[in-house]
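The structure file start23.txt is reproduced below (compact mmCIF, C-alpha atoms).
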# COMPACT_ATOMS: atom_id res chain seq x y z
CA MET M 1047 -22.73 140.32 236.21
CA GLU M 1048 -22.21 141.79 239.71
CA ASP M 1049 -23.81 144.73 241.49
CA ALA M 1050 -22.02 147.96 242.38
CA THR M 1051 -20.68 146.48 245.61
CA GLY M 1052 -18.83 143.69 243.84
CA GLY M 1053 -21.17 140.97 245.15
CA LYS M 1054 -24.02 139.01 243.62
CA LEU M 1055 -27.05 140.72 242.22
CA ASP M 1056 -29.52 141.34 245.03
CA ILE M 1057 -32.33 139.36 243.43
CA THR M 1058 -33.88 135.90 243.75
CA VAL M 1059 -34.60 133.89 240.61
CA LEU M 1060 -36.94 131.02 239.77
CA TYR M 1061 -35.70 128.94 236.83
CA ALA M 1062 -38.03 126.35 235.26
CA GLU M 1063 -36.59 123.94 232.66
CA ASP M 1064 -37.36 120.25 232.12
CA GLU M 1065 -34.20 119.43 230.11
CA LEU M 1066 -31.62 118.49 232.76
CA PRO M 1067 -28.38 119.38 230.84
CA ALA M 1068 -29.66 122.82 229.89
CA ARG M 1069 -31.03 123.44 233.41
CA ASP M 1070 -27.74 122.47 235.09
CA LYS M 1071 -25.70 124.67 232.76
CA ILE M 1072 -27.85 127.78 233.33
CA ALA M 1073 -28.20 127.00 237.05
CA ARG M 1074 -24.41 127.09 237.47
CA ILE M 1075 -24.32 130.54 235.84
CA LEU M 1076 -27.22 131.82 237.92
CA ARG M 1077 -25.82 130.62 241.26
CA ARG M 1078 -22.71 132.75 240.66
CA GLN M 1079 -24.78 135.84 239.84
CA VAL M 1080 -27.87 136.02 242.05
CA ARG M 1081 -28.56 135.96 245.76
CA ASP M 1082 -30.90 132.96 245.71
CA LEU M 1083 -32.03 130.45 243.07
CA HIS M 1084 -35.04 128.09 242.93
CA LEU M 1085 -35.17 125.32 240.30
CA ALA M 1086 -38.30 123.68 238.85
CA ASN M 1087 -38.72 120.71 236.48
CA ASN M 1088 -42.03 121.88 235.02
CA GLY M 1089 -44.55 124.67 235.08
CA ARG M 1090 -46.68 123.24 237.87
CA GLU M 1091 -43.69 122.88 240.19
CA GLY M 1092 -42.49 126.31 239.10
CA PHE M 1093 -45.79 127.97 240.04
CA GLU M 1094 -45.79 126.25 243.44
CA LEU M 1095 -42.23 127.51 244.08
CA PHE M 1096 -43.27 131.00 242.98
CA MET M 1097 -46.17 131.09 245.44
CA ARG M 1098 -43.91 129.80 248.21
CA HIS M 1099 -40.87 132.04 247.68
CA ARG M 1100 -42.09 134.99 245.56
CA PRO M 1101 -38.84 135.38 243.58
CA ASP M 1102 -37.90 138.69 241.95
CA VAL M 1103 -37.39 137.21 238.45
CA VAL M 1104 -38.78 134.14 236.68
CA ILE M 1105 -36.89 132.42 233.84
CA THR M 1106 -38.74 129.62 232.07
CA ASP M 1107 -38.64 127.39 229.05
CA ILE M 1108 -41.83 127.15 227.03
CA ARG M 1109 -42.15 123.43 226.34
CA MET M 1110 -42.46 121.56 229.63
CA PRO M 1111 -44.66 118.72 230.89
CA LEU M 1112 -47.69 119.11 233.21
CA MET M 1113 -47.80 122.89 232.66
CA ASN M 1114 -45.86 124.70 229.97
CA GLY M 1115 -43.92 127.90 230.52
CA LEU M 1116 -46.54 130.23 229.06
CA GLU M 1117 -49.29 128.71 231.22
CA MET M 1118 -47.08 129.13 234.30
CA ALA M 1119 -46.22 132.71 233.27
CA GLU M 1120 -49.91 133.54 232.82
CA LYS M 1121 -50.74 132.27 236.33
CA ILE M 1122 -47.78 134.19 237.79
CA LYS M 1123 -48.79 137.42 236.04
CA ALA M 1124 -52.31 136.96 237.37
CA VAL M 1125 -50.86 136.94 240.90
CA ASP M 1126 -48.28 139.72 240.42
CA ARG M 1127 -48.22 141.61 237.14
CA LYS M 1128 -44.92 143.30 238.04
CA THR M 1129 -42.82 140.12 238.37
CA PRO M 1130 -40.47 140.03 235.33
CA VAL M 1131 -40.74 136.79 233.30
CA VAL M 1132 -37.99 135.79 230.86
CA ILE M 1133 -38.84 133.14 228.26
CA THR M 1134 -36.15 130.89 226.77
CA THR M 1135 -37.29 129.89 223.31
CA ALA M 1136 -36.07 128.22 220.11
CA HIS M 1137 -36.46 129.70 216.65
CA SER M 1138 -39.14 127.14 215.84
CA GLU M 1139 -41.39 128.42 218.64
CA THR M 1140 -42.28 131.79 217.13
CA ASP M 1141 -45.93 130.68 217.07
CA PHE M 1142 -45.93 131.24 220.86
CA PHE M 1143 -44.92 134.92 220.57
CA GLN M 1144 -48.47 136.25 220.18
CA LYS M 1145 -49.57 134.45 223.33
CA SER M 1146 -46.50 135.68 225.24
CA ILE M 1147 -47.27 139.27 224.24
CA GLU M 1148 -50.80 138.89 225.56
CA ILE M 1149 -49.48 137.49 228.85
CA GLY M 1150 -46.96 140.31 229.23
CA ILE M 1151 -43.65 138.45 228.93
CA ASP M 1152 -40.80 140.86 229.71
CA ARG M 1153 -37.77 139.37 227.90
CA TYR M 1154 -36.83 136.61 225.46
CA LEU M 1155 -33.69 134.49 225.26
CA LEU M 1156 -32.95 132.32 222.26
CA LYS M 1157 -31.82 128.74 222.94
CA PRO M 1158 -29.14 127.68 223.36
CA VAL M 1159 -28.91 130.44 225.98
CA ASP M 1160 -26.01 132.85 225.58
CA ALA M 1161 -24.44 133.35 229.04
CA PHE M 1162 -23.43 136.95 228.29
CA LYS M 1163 -26.91 137.82 227.05
CA LEU M 1164 -28.36 136.24 230.19
CA GLN M 1165 -26.03 138.33 232.37
CA GLU M 1166 -27.03 141.47 230.47
CA ILE M 1167 -30.75 140.81 230.95
CA LEU M 1168 -30.34 139.94 234.64
CA GLY M 1169 -28.30 143.08 235.23
CA GLU M 1170 -30.95 145.21 233.56
CA LEU M 1171 -33.78 143.56 235.49
CA ALA M 1172 -31.85 143.80 238.78
CA ASN M 1173 -31.33 147.51 238.20
CA ASN M 1174 -35.04 147.98 237.48
CA ILE M 1175 -35.95 146.01 240.60
CA ARG M 1176 -33.52 148.06 242.69
CA MET M 1177 -35.09 151.29 241.45
CA GLU M 1178 -38.57 149.87 242.01
CA ARG M 1179 -37.64 148.96 245.59
CA ALA M 1180 -36.20 152.43 246.18
CA LEU M 1181 -39.36 154.00 244.73
CA ARG M 1182 -41.58 151.81 246.92
CA GLU M 1183 -39.52 152.76 249.96
CA GLN M 1184 -39.70 156.44 249.11
CA THR M 1185 -43.44 156.13 248.54
CA ARG M 1186 -43.81 154.33 251.86
CA LEU M 1187 -41.82 157.03 253.64
CA LEU M 1188 -43.84 159.76 251.93
CA GLU M 1189 -47.03 158.05 253.05
CA GLU M 1190 -45.67 157.87 256.59
CA TYR M 1191 -44.68 161.54 256.47
CA LYS M 1192 -48.11 162.44 255.12
CA ARG M 1193 -49.78 160.38 257.85
CA ALA M 1194 -47.63 162.06 260.51
CA VAL M 1195 -48.47 165.51 259.10
CA ASP M 1196 -52.17 164.69 258.79
CA GLU M 1197 -52.36 163.36 262.33
CA SER M 1198 -50.79 166.42 263.92
CA ASN M 1199 -51.47 169.34 261.56
CA ILE M 1200 -54.22 171.04 259.64
CA VAL M 1201 -53.57 170.77 255.91
CA CYS M 1202 -55.22 172.68 253.09
CA LYS M 1203 -54.35 172.99 249.41
CA THR M 1204 -55.51 175.67 246.99
CA ASP M 1205 -55.03 176.03 243.26
CA ASN M 1206 -53.31 179.08 241.79
CA GLN M 1207 -56.67 180.90 241.84
CA ASP M 1208 -56.97 180.48 245.65
CA ARG M 1209 -59.73 177.87 245.35
CA ILE M 1210 -59.59 175.13 247.99
CA ILE M 1211 -58.88 171.74 246.38
CA TYR M 1212 -57.95 169.64 249.43
CA LEU M 1213 -58.63 169.58 253.18
CA ASN M 1214 -57.49 166.94 255.62
CA ASP M 1215 -59.67 165.58 258.41
CA GLU M 1216 -57.81 167.59 261.07
CA PHE M 1217 -58.63 170.84 259.24
CA CYS M 1218 -62.32 169.90 259.23
CA LYS M 1219 -62.16 168.91 262.90
CA VAL M 1220 -60.60 172.23 263.95
CA SER M 1221 -62.70 174.49 261.70
CA GLY M 1222 -66.01 172.68 262.02
CA TYR M 1223 -66.49 172.76 258.23
CA THR M 1224 -66.97 169.65 256.11
CA LYS M 1225 -65.04 169.08 252.90
CA THR M 1226 -68.27 169.63 250.98
CA ASP M 1227 -68.63 173.05 252.64
CA LEU M 1228 -65.28 174.33 251.41
CA LEU M 1229 -63.96 172.44 248.36
CA GLY M 1230 -63.95 174.76 245.38
CA LYS M 1231 -64.45 177.86 247.57
CA PRO M 1232 -61.90 180.71 247.91
CA HIS M 1233 -59.54 180.26 250.84
CA GLU M 1234 -60.16 183.84 251.95
CA ILE M 1235 -63.75 183.08 253.00
CA ILE M 1236 -62.50 181.19 256.07
CA LEU M 1237 -60.07 183.93 257.11
CA HIS M 1238 -61.34 186.26 259.81
CA PRO M 1239 -62.79 189.36 258.07
CA LYS M 1240 -60.74 191.65 260.33
CA THR M 1241 -57.42 190.12 259.24
CA GLN M 1242 -55.04 193.00 258.71
CA GLU M 1243 -54.82 194.13 255.09
CA SER M 1244 -51.07 194.65 255.45
CA LEU M 1245 -50.63 191.05 256.59
CA LEU M 1246 -52.59 189.69 253.62
CA LYS M 1247 -50.61 191.84 251.18
CA GLU M 1248 -47.33 190.66 252.65
CA LEU M 1249 -48.50 187.03 252.51
CA GLN M 1250 -49.64 187.27 248.89
CA HIS M 1251 -46.49 189.07 247.79
CA THR M 1252 -44.34 186.36 249.39
CA ILE M 1253 -46.09 183.30 247.97
CA LEU M 1254 -46.62 184.84 244.52
CA SER M 1255 -42.86 185.44 244.50
CA LYS M 1256 -42.56 181.63 244.88
CA LYS M 1257 -41.25 181.94 248.41
CA ILE M 1258 -42.45 180.22 251.58
CA TRP M 1259 -44.53 182.30 254.00
CA LYS M 1260 -44.77 181.57 257.72
CA GLY M 1261 -46.98 183.25 260.29
CA ILE M 1262 -50.13 183.13 262.38
CA LEU M 1263 -53.47 183.54 260.61
CA GLU M 1264 -56.81 184.23 262.23
CA TYR M 1265 -59.60 181.99 260.96
CA THR M 1266 -63.35 181.76 261.53
CA ARG M 1267 -64.91 178.43 262.52
CA LYS M 1268 -68.23 177.33 261.08
CA SER M 1269 -69.69 178.25 264.47
CA SER M 1270 -68.38 181.83 263.88
CA ASN M 1271 -65.86 181.48 266.72
CA ILE M 1272 -62.29 182.56 266.06
CA TYR M 1273 -59.28 180.29 266.01
CA TYR M 1274 -55.61 180.90 265.25
CA ALA M 1275 -53.31 178.71 263.17
CA ASP M 1276 -49.53 178.88 262.91
CA VAL M 1277 -49.28 178.31 259.15
CA THR M 1278 -46.54 177.60 256.61
CA ILE M 1279 -47.62 178.26 253.01
CA VAL M 1280 -45.54 176.60 250.29
CA PRO M 1281 -45.98 177.38 246.56
CA LEU M 1282 -45.87 174.16 244.51
CA LEU M 1283 -44.22 174.58 241.10
CA ASP M 1284 -44.39 172.62 237.85
CA LEU M 1285 -41.38 171.65 235.74
CA GLU M 1286 -41.44 175.08 234.08
CA ASN M 1287 -41.32 176.82 237.48
CA ASN M 1288 -44.90 178.02 237.30
CA ILE M 1289 -47.08 178.03 240.42
CA ILE M 1290 -49.75 175.34 240.21
CA GLU M 1291 -50.85 174.99 243.84
CA PHE M 1292 -50.32 176.28 247.35
CA ILE M 1293 -50.17 173.98 250.36
CA TYR M 1294 -51.04 175.30 253.81
CA ILE M 1295 -49.63 173.28 256.72
CA GLY M 1296 -50.24 174.47 260.25
CA HIS M 1297 -51.51 173.71 263.70
CA ASP M 1298 -54.12 175.21 265.96
CA VAL M 1299 -52.47 177.68 268.36
CA THR M 1300 -55.65 179.29 269.68
CA GLU M 1301 -54.94 178.32 273.27
CA LEU M 1302 -51.38 179.64 273.00
CA VAL M 1303 -52.50 182.93 271.43
CA ASP M 1304 -55.24 183.36 274.04
CA LEU M 1305 -52.76 182.60 276.80
CA THR M 1306 -50.27 185.07 275.36
CA LYS M 1307 -52.95 187.77 275.17
CA TRP M 1308 -54.00 187.02 278.73
CA LEU M 1309 -50.42 187.15 279.99
CA LYS M 1310 -49.82 190.38 278.10
CA GLN M 1311 -52.95 191.89 279.58
CA LEU M 1312 -51.99 190.56 282.99
CA SER M 1313 -48.53 192.09 282.76
CA SER M 1314 -49.93 195.47 281.70
CA THR M 1315 -53.05 195.66 283.86
CA ASP M 1316 -53.49 196.64 287.50
CA SER M 1317 -55.18 193.67 289.12
CA LEU M 1318 -57.37 195.75 291.46
CA THR M 1319 -58.70 198.45 289.13
CA GLN M 1320 -58.24 196.75 285.70
CA ILE M 1321 -56.61 199.83 284.19
CA TYR M 1322 -52.99 200.06 283.01
CA ASN M 1323 -50.30 199.47 285.59
CA ARG M 1324 -47.15 201.56 286.03
CA MET M 1325 -44.97 199.34 283.82
CA ALA M 1326 -47.39 199.50 280.90
CA PHE M 1327 -47.83 203.24 281.35
CA ASN M 1328 -44.06 203.80 281.10
CA ASP M 1329 -44.05 202.00 277.73
CA ILE M 1330 -47.05 203.97 276.47
CA ILE M 1331 -45.76 207.41 277.45
CA GLU M 1332 -42.54 206.73 275.54
CA THR M 1333 -44.54 205.91 272.40
CA GLU M 1334 -46.88 208.88 272.79
CA LEU M 1335 -44.03 211.32 273.30
CA ASN M 1336 -42.36 210.11 270.12
CA ARG M 1337 -45.62 210.50 268.22
CA THR M 1338 -46.12 213.99 269.64
CA LYS M 1339 -42.62 215.04 268.57
CA ARG M 1340 -43.08 213.59 265.09
CA TYR M 1341 -46.44 215.22 264.39
CA LYS M 1342 -45.87 218.32 266.55
CA THR M 1343 -49.13 217.93 268.48
CA ASP M 1344 -50.11 218.74 272.07
CA LEU M 1345 -49.77 216.22 274.89
CA SER M 1346 -50.62 216.66 278.57
CA LEU M 1347 -50.16 214.57 281.67
CA ILE M 1348 -52.37 214.61 284.76
CA MET M 1349 -51.31 213.01 288.03
CA PHE M 1350 -53.61 212.78 291.05
CA ASP M 1351 -54.03 210.95 294.31
CA ILE M 1352 -56.69 210.60 296.97
CA ASP M 1353 -56.25 212.95 299.91
CA HIS M 1354 -55.65 211.29 303.28
CA PHE M 1355 -56.34 207.85 301.84
CA LYS M 1356 -54.58 206.23 304.80
CA ASN M 1357 -57.43 207.47 306.98
CA VAL M 1358 -59.93 205.60 304.77
CA ASN M 1359 -58.03 202.35 305.23
CA ASP M 1360 -57.49 202.89 308.94
CA THR M 1361 -61.11 203.87 309.61
CA TYR M 1362 -63.05 201.56 307.31
CA GLY M 1363 -60.56 198.81 306.50
CA HIS M 1364 -58.58 197.89 303.40
CA MET M 1365 -61.53 196.21 301.70
CA THR M 1366 -63.46 199.48 301.79
CA GLY M 1367 -60.31 201.27 300.61
CA ASP M 1368 -60.10 198.91 297.63
CA ASN M 1369 -63.75 199.59 296.81
CA VAL M 1370 -63.07 203.33 296.89
CA LEU M 1371 -60.20 202.90 294.42
CA ARG M 1372 -62.37 200.82 292.06
CA SER M 1373 -65.27 203.28 292.30
CA LEU M 1374 -62.97 206.25 291.68
CA VAL M 1375 -61.56 204.54 288.57
CA ASP M 1376 -65.08 203.89 287.24
CA LEU M 1377 -66.00 207.53 287.90
CA VAL M 1378 -62.93 208.88 286.07
CA LYS M 1379 -63.40 206.51 283.10
CA GLN M 1380 -66.85 208.02 282.55
CA LYS M 1381 -65.31 211.50 282.23
CA ILE M 1382 -62.37 210.81 279.88
CA ARG M 1383 -62.01 209.90 276.19
CA THR M 1384 -61.25 206.44 274.83
CA VAL M 1385 -57.90 207.76 273.51
CA ASP M 1386 -56.81 208.90 276.97
CA ILE M 1387 -54.45 206.53 278.78
CA PHE M 1388 -55.45 205.91 282.38
CA ALA M 1389 -53.12 204.07 284.77
CA ARG M 1390 -52.65 203.31 288.43
CA TRP M 1391 -49.25 204.71 289.34
CA GLY M 1392 -49.13 203.10 292.75
CA GLY M 1393 -51.24 202.96 295.92
CA GLU M 1394 -53.79 205.76 295.63
CA GLU M 1395 -51.86 207.61 292.86
CA PHE M 1396 -53.05 207.70 289.24
CA MET M 1397 -51.75 208.97 285.91
CA LEU M 1398 -53.82 210.23 282.99
CA LEU M 1399 -52.08 210.84 279.65
CA THR M 1400 -54.17 212.97 277.28
CA PRO M 1401 -52.99 213.07 273.63
CA GLU M 1402 -53.63 216.19 271.54
CA THR M 1403 -54.70 218.12 274.63
CA SER M 1404 -53.52 221.67 275.31
CA PRO M 1405 -52.40 222.86 278.78
CA GLU M 1406 -55.66 224.77 279.20
CA ALA M 1407 -57.83 221.81 278.20
CA ALA M 1408 -55.85 219.49 280.48
CA TYR M 1409 -56.32 221.89 283.41
CA ASP M 1410 -60.07 222.05 282.72
CA LEU M 1411 -60.28 218.24 282.61
CA ALA M 1412 -58.39 217.92 285.90
CA GLU M 1413 -60.73 220.45 287.52
CA ARG M 1414 -63.83 218.58 286.29
CA LEU M 1415 -62.41 215.33 287.66
CA ARG M 1416 -61.60 216.97 291.00
CA ILE M 1417 -65.16 218.25 291.36
CA ALA M 1418 -66.68 214.91 290.29
CA ILE M 1419 -64.65 213.07 292.94
CA GLU M 1420 -65.46 215.65 295.61
CA GLU M 1421 -69.19 215.41 294.90
CA HIS M 1422 -69.32 211.63 294.68
CA LEU M 1423 -70.60 209.57 297.63
CA PHE M 1424 -68.42 206.47 298.02
CA ALA M 1425 -70.10 203.44 299.54
CA SER M 1426 -69.07 202.83 303.18
CA ALA M 1427 -66.48 205.63 303.02
CA GLY M 1428 -68.64 208.66 302.27
CA LYS M 1429 -66.83 211.67 300.80
CA VAL M 1430 -63.22 211.82 299.63
CA THR M 1431 -61.20 214.42 297.73
CA ALA M 1432 -58.19 214.27 295.40
CA SER M 1433 -55.27 216.56 294.55
CA PHE M 1434 -54.14 217.08 290.95
CA GLY M 1435 -50.97 218.04 289.12
CA VAL M 1436 -50.97 218.93 285.40
CA ALA M 1437 -47.99 219.21 283.04
CA SER M 1438 -47.91 219.61 279.27
CA PHE M 1439 -45.24 218.47 276.84
CA LYS M 1440 -42.42 220.83 275.96
CA GLY M 1441 -40.11 220.32 273.00
CA ASP M 1442 -37.17 218.87 274.91
CA ASP M 1443 -39.17 216.74 277.38
CA SER M 1444 -38.30 213.11 277.97
CA PRO M 1445 -40.74 210.81 279.79
CA ASP M 1446 -38.75 211.26 282.99
CA ILE M 1447 -38.74 215.08 282.74
CA LEU M 1448 -42.47 215.27 282.00
CA THR M 1449 -43.23 212.86 284.87
CA LYS M 1450 -41.03 214.86 287.22
CA ARG M 1451 -42.80 218.12 286.36
CA VAL M 1452 -46.27 216.66 286.90
CA ASP M 1453 -45.13 215.10 290.19
CA GLN M 1454 -43.88 218.47 291.37
CA ALA M 1455 -47.21 220.07 290.43
CA LEU M 1456 -49.07 217.42 292.45
CA TYR M 1457 -46.75 218.08 295.41
CA ARG M 1458 -47.62 221.77 295.27
CA ALA M 1459 -51.35 220.93 295.20
CA LYS M 1460 -50.93 218.92 298.39
CA GLU M 1461 -48.80 221.58 300.02
CA GLY M 1462 -51.38 224.21 299.05
CA GLY M 1463 -54.15 222.56 301.01
CA ARG M 1464 -55.17 219.55 298.88
CA ASN M 1465 -58.35 219.11 296.80
CA ARG M 1466 -56.94 221.49 294.18
CA VAL M 1467 -55.22 221.51 290.76
CA GLU M 1468 -51.71 222.84 290.16
CA THR M 1469 -49.79 223.07 286.89
CA GLY M 1470 -46.12 222.48 286.25

Kindly return the structure encoded in the file as structure tokens.
Amino acid sequence: MEDATGGKLDITVLYAEDELPARDKIARILRRQVRDLHLANNGREGFELFMRHRPDVVITDIRMPLMNGLEMAEKIKAVDRKTPVVITTAHSETDFFQKSIEIGIDRYLLKPVDAFKLQEILGELANNIRMERALREQTRLLEEYKRAVDESNIVCKTDNQDRIIYLNDEFCKVSGYTKTDLLGKPHEIILHPKTQESLLKELQHTILSKKIWKGILEYTRKSSNIYYADVTIVPLLDLENNIIEFIYIGHDVTELVDLTKWLKQLSSTDSLTQIYNRMAFNDIIETELNRTKRYKTDLSLIMFDIDHFKNVNDTYGHMTGDNVLRSLVDLVKQKIRTVDIFARWGGEEFMLLTPETSPEAAYDLAERLRIAIEEHLFASAGKVTASFGVASFKGDDSPDILTKRVDQALYRAKEGGRNRVETG
């Protein structure tokens, strides 16, 4: 019998037989069929050849000198239970069957050996060995994949009731928890309590629909510090397509998230005053205008700058000028609401966007700010004043139109003598 490629069977065989004519006859058949063949005259020699070459299949007669076939088979099975052993036996040797069953003999061939039956058995065993090799290779690869995943990722498994049933060492290392701390506990207890409800609902809907969910989750370490993990959650199904487990595979992206937040803040924050910069303000005013139009609420914009600020820099130096700007920002922040959007427009110019604020209320706020600045004593620079422009949203305003109107109001305040508030 040949394998699927038309060549010999990809197995090695040990054949033990003390009767020379029978051994030569079967050996000729085997050499044509298998990749390699080892011949033994008795059981002792057969066992030595087995230990030296570790063949895939053993074929042996029972009655042999020094060590019979069953004794050799028993020693072989003690070394490797999986090695198939084929016994060649005569009808008169049925008294050995009970012993062969206890040893775990795999196949029997009646003597004289039928060549076709031998081919059939070898083909069957070769196929089993081929599948066993493939399974071992797949298992080895899976173990390698698992090791690679475990070395580089945090891994967690939960049952279909969200109870944690497995944690790898990397998960424990990142979270600070031990396996004893978390096994059997709900997965949600390690999620940050402020995790958005909408995110959790979307996650649960996805995985309960037997789909894979991917995203960043915010977790709490045992130390109570926060960390972020980029996680893929895979529902594991049984043969009837029912969810039995969920596997969470991810990696710690805390540094990346923190860096992203810092870069976002950096890109939207004025480095000197730590309030919004002009680019961020332009994005915010667009959003606020859309919200105002949708809900038909008031919205006002205040623009102001420090009068004769060049004189401050020229007289006291730019360091003092920077301190004045920072002090002015701190002063204004004390007078406005947390919902108001405060930004440095450029140089000594500032913008203040006040949601749900009527024109009259915006004017009053600008006047209070003007007085507060006028009355404040700035370190090293003494007294300064500021001019204000106020404009409120009208139904057809775009960000550019509203900004243009408030800029024109500020221009009029300057032209009118400074340290005053004008509306536009």

- Task: Go ahead and compute the interatomic distance for atom CA of M:His1238 and atom CA of M:Leu1263, in Å to one decimal.
- Result: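 So the two atoms, atom CA of M:His1238 and atom CA of M:Leu1263, lie 8.4 Å apart.
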
- Would you kindly return, as a list in words, each protein, DNA or RNA residue with an atom no farther than 12 Å from any atom of M:Val1125, considering all atoms listed in the file and excluding same-chain residues fewer than 4 positions away?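 The filter keeps Phe1093, Phe1096, Met1097, Arg1100, Met1118, Ala1119, Glu1120, Lys1121 and Thr1129 of chain M.
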
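Considering all atoms listed in the file, the residue among M:Asp1126, M:Asp1410, M:Glu1248, M:Glu1094 positioned nearest to M:Ile1149 is M:Asp1126.
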
- Query: atom CA of M:Tyr1409 and atom CA of M:Asn1465, how far apart in Å?
  - Reply: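 Result for atom CA of M:Asn1465 versus atom CA of M:Tyr1409: 13.8 Å, one decimal.
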
- Message: Would you pick out the contacts of stretch 1322-1338 of chain M at 6 Å or less, using only C-alpha atoms, so that residues sharing its chain but fewer than 5 positions from it are not included, and give the list as an NGL selection string?
- Response: :M and (1314-1316 or 1343 or 1389-1391)

- M:Asp1227 surroundings by all atoms listed in the file, 12 Å radius, close-in-sequence under 3 positions cut, as number ranges by chain: M: 1210-1213, 1218, 1221-1224, 1230-1233, 1235-1236, 1267-1268

- Query: Do you know which residues are at most 8 Å from M:Phe1217 counting only C-alpha atoms, after dropping those on the same chain fewer than 2 positions away, and could you put them as an MDAnalysis selection string?
  - Reply: chainID M and resid 1199:1202 1213:1215 1219:1221

Quick one: write out the picked residues with C-alpha atoms as an mmCIF file, keeping the file's coordinate frame?
data_model
loop_
_atom_site.group_PDB
_atom_site.id
_atom_site.type_symbol
_atom_site.label_atom_id
_atom_site.label_comp_id
_atom_site.auth_asym_id
_atom_site.auth_seq_id
_atom_site.Cartn_x
_atom_site.Cartn_y
_atom_site.Cartn_z
ATOM 1 C CA ASN M 1199 -51.470 169.340 261.560
ATOM 2 C CA ILE M 1200 -54.220 171.040 259.640
ATOM 3 C CA VAL M 1201 -53.570 170.770 255.910
ATOM 4 C CA CYS M 1202 -55.220 172.680 253.090
ATOM 5 C CA LEU M 1213 -58.630 169.580 253.180
ATOM 6 C CA ASN M 1214 -57.490 166.940 255.620
ATOM 7 C CA ASP M 1215 -59.670 165.580 258.410
ATOM 8 C CA LYS M 1219 -62.160 168.910 262.900
ATOM 9 C CA VAL M 1220 -60.600 172.230 263.950
ATOM 10 C CA SER M 1221 -62.700 174.490 261.700
#

Residues near M:Arg1078, cut-off 10 Å, all atoms listed in the file, skip fewer than 2 positions along chain, as a PDB file with C-alpha atoms, keeping the file's coordinate frame:
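File selection_5.pdb, as written:
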ATOM      1  CA  MET M1047     -22.730 140.320 236.210  1.00  0.00           C
ATOM      2  CA  GLU M1048     -22.210 141.790 239.710  1.00  0.00           C
ATOM      3  CA  GLY M1053     -21.170 140.970 245.150  1.00  0.00           C
ATOM      4  CA  LYS M1054     -24.020 139.010 243.620  1.00  0.00           C
ATOM      5  CA  LEU M1055     -27.050 140.720 242.220  1.00  0.00           C
ATOM      6  CA  ALA M1073     -28.200 127.000 237.050  1.00  0.00           C
ATOM      7  CA  ARG M1074     -24.410 127.090 237.470  1.00  0.00           C
ATOM      8  CA  ILE M1075     -24.320 130.540 235.840  1.00  0.00           C
ATOM      9  CA  LEU M1076     -27.220 131.820 237.920  1.00  0.00           C
ATOM     10  CA  VAL M1080     -27.870 136.020 242.050  1.00  0.00           C
ATOM     11  CA  ARG M1081     -28.560 135.960 245.760  1.00  0.00           C
ATOM     12  CA  ASP M1082     -30.900 132.960 245.710  1.00  0.00           C
ATOM     13  CA  LEU M1083     -32.030 130.450 243.070  1.00  0.00           C
TER      14      LEU M1083
END

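If you measure from each of M:Tyr1341, M:Leu1448, M:Ile1262, M:Leu1347 to M:Leu1237 using only C-alpha atoms, the closest one turns out to be M:Ile1262.
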
- Query: What does the distance between atom CA of M:Leu1399 and atom CA of M:Ile1387 come to in Å, to one decimal place?
  - Reply: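 Distance between the two atoms: 5.0 Å.
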
- Message: Counting only C-alpha atoms, which residues sit no farther than 9 Å from the position (-42.3, 130.5, 234.1) in the file's frame? I'd like them as a PyMOL selection string.
- Response: chain M and resi 1060-1063+1088-1089+1092-1093+1096+1104-1108+1114-1122+1131-1133

Please tabulate, as CSV, the residues of stretch 1329-1409 of chain M that come within 6 Å of stretch 1427-1435 of chain M, each with its closest pair of atoms and the distance in Å to one decimal, counting only C-alpha atoms and ordering rows by chain, then residue number upward.
residue,atom,partner,partner_atom,distance
M:Ile1348,CA,M:Gly1435,CA,5.7
M:Met1349,CA,M:Gly1435,CA,5.2
M:Phe1350,CA,M:Phe1434,CA,4.3
M:Asp1351,CA,M:Ala1432,CA,5.4
M:Ile1352,CA,M:Ala1432,CA,4.3
M:Asp1353,CA,M:Ala1432,CA,5.1
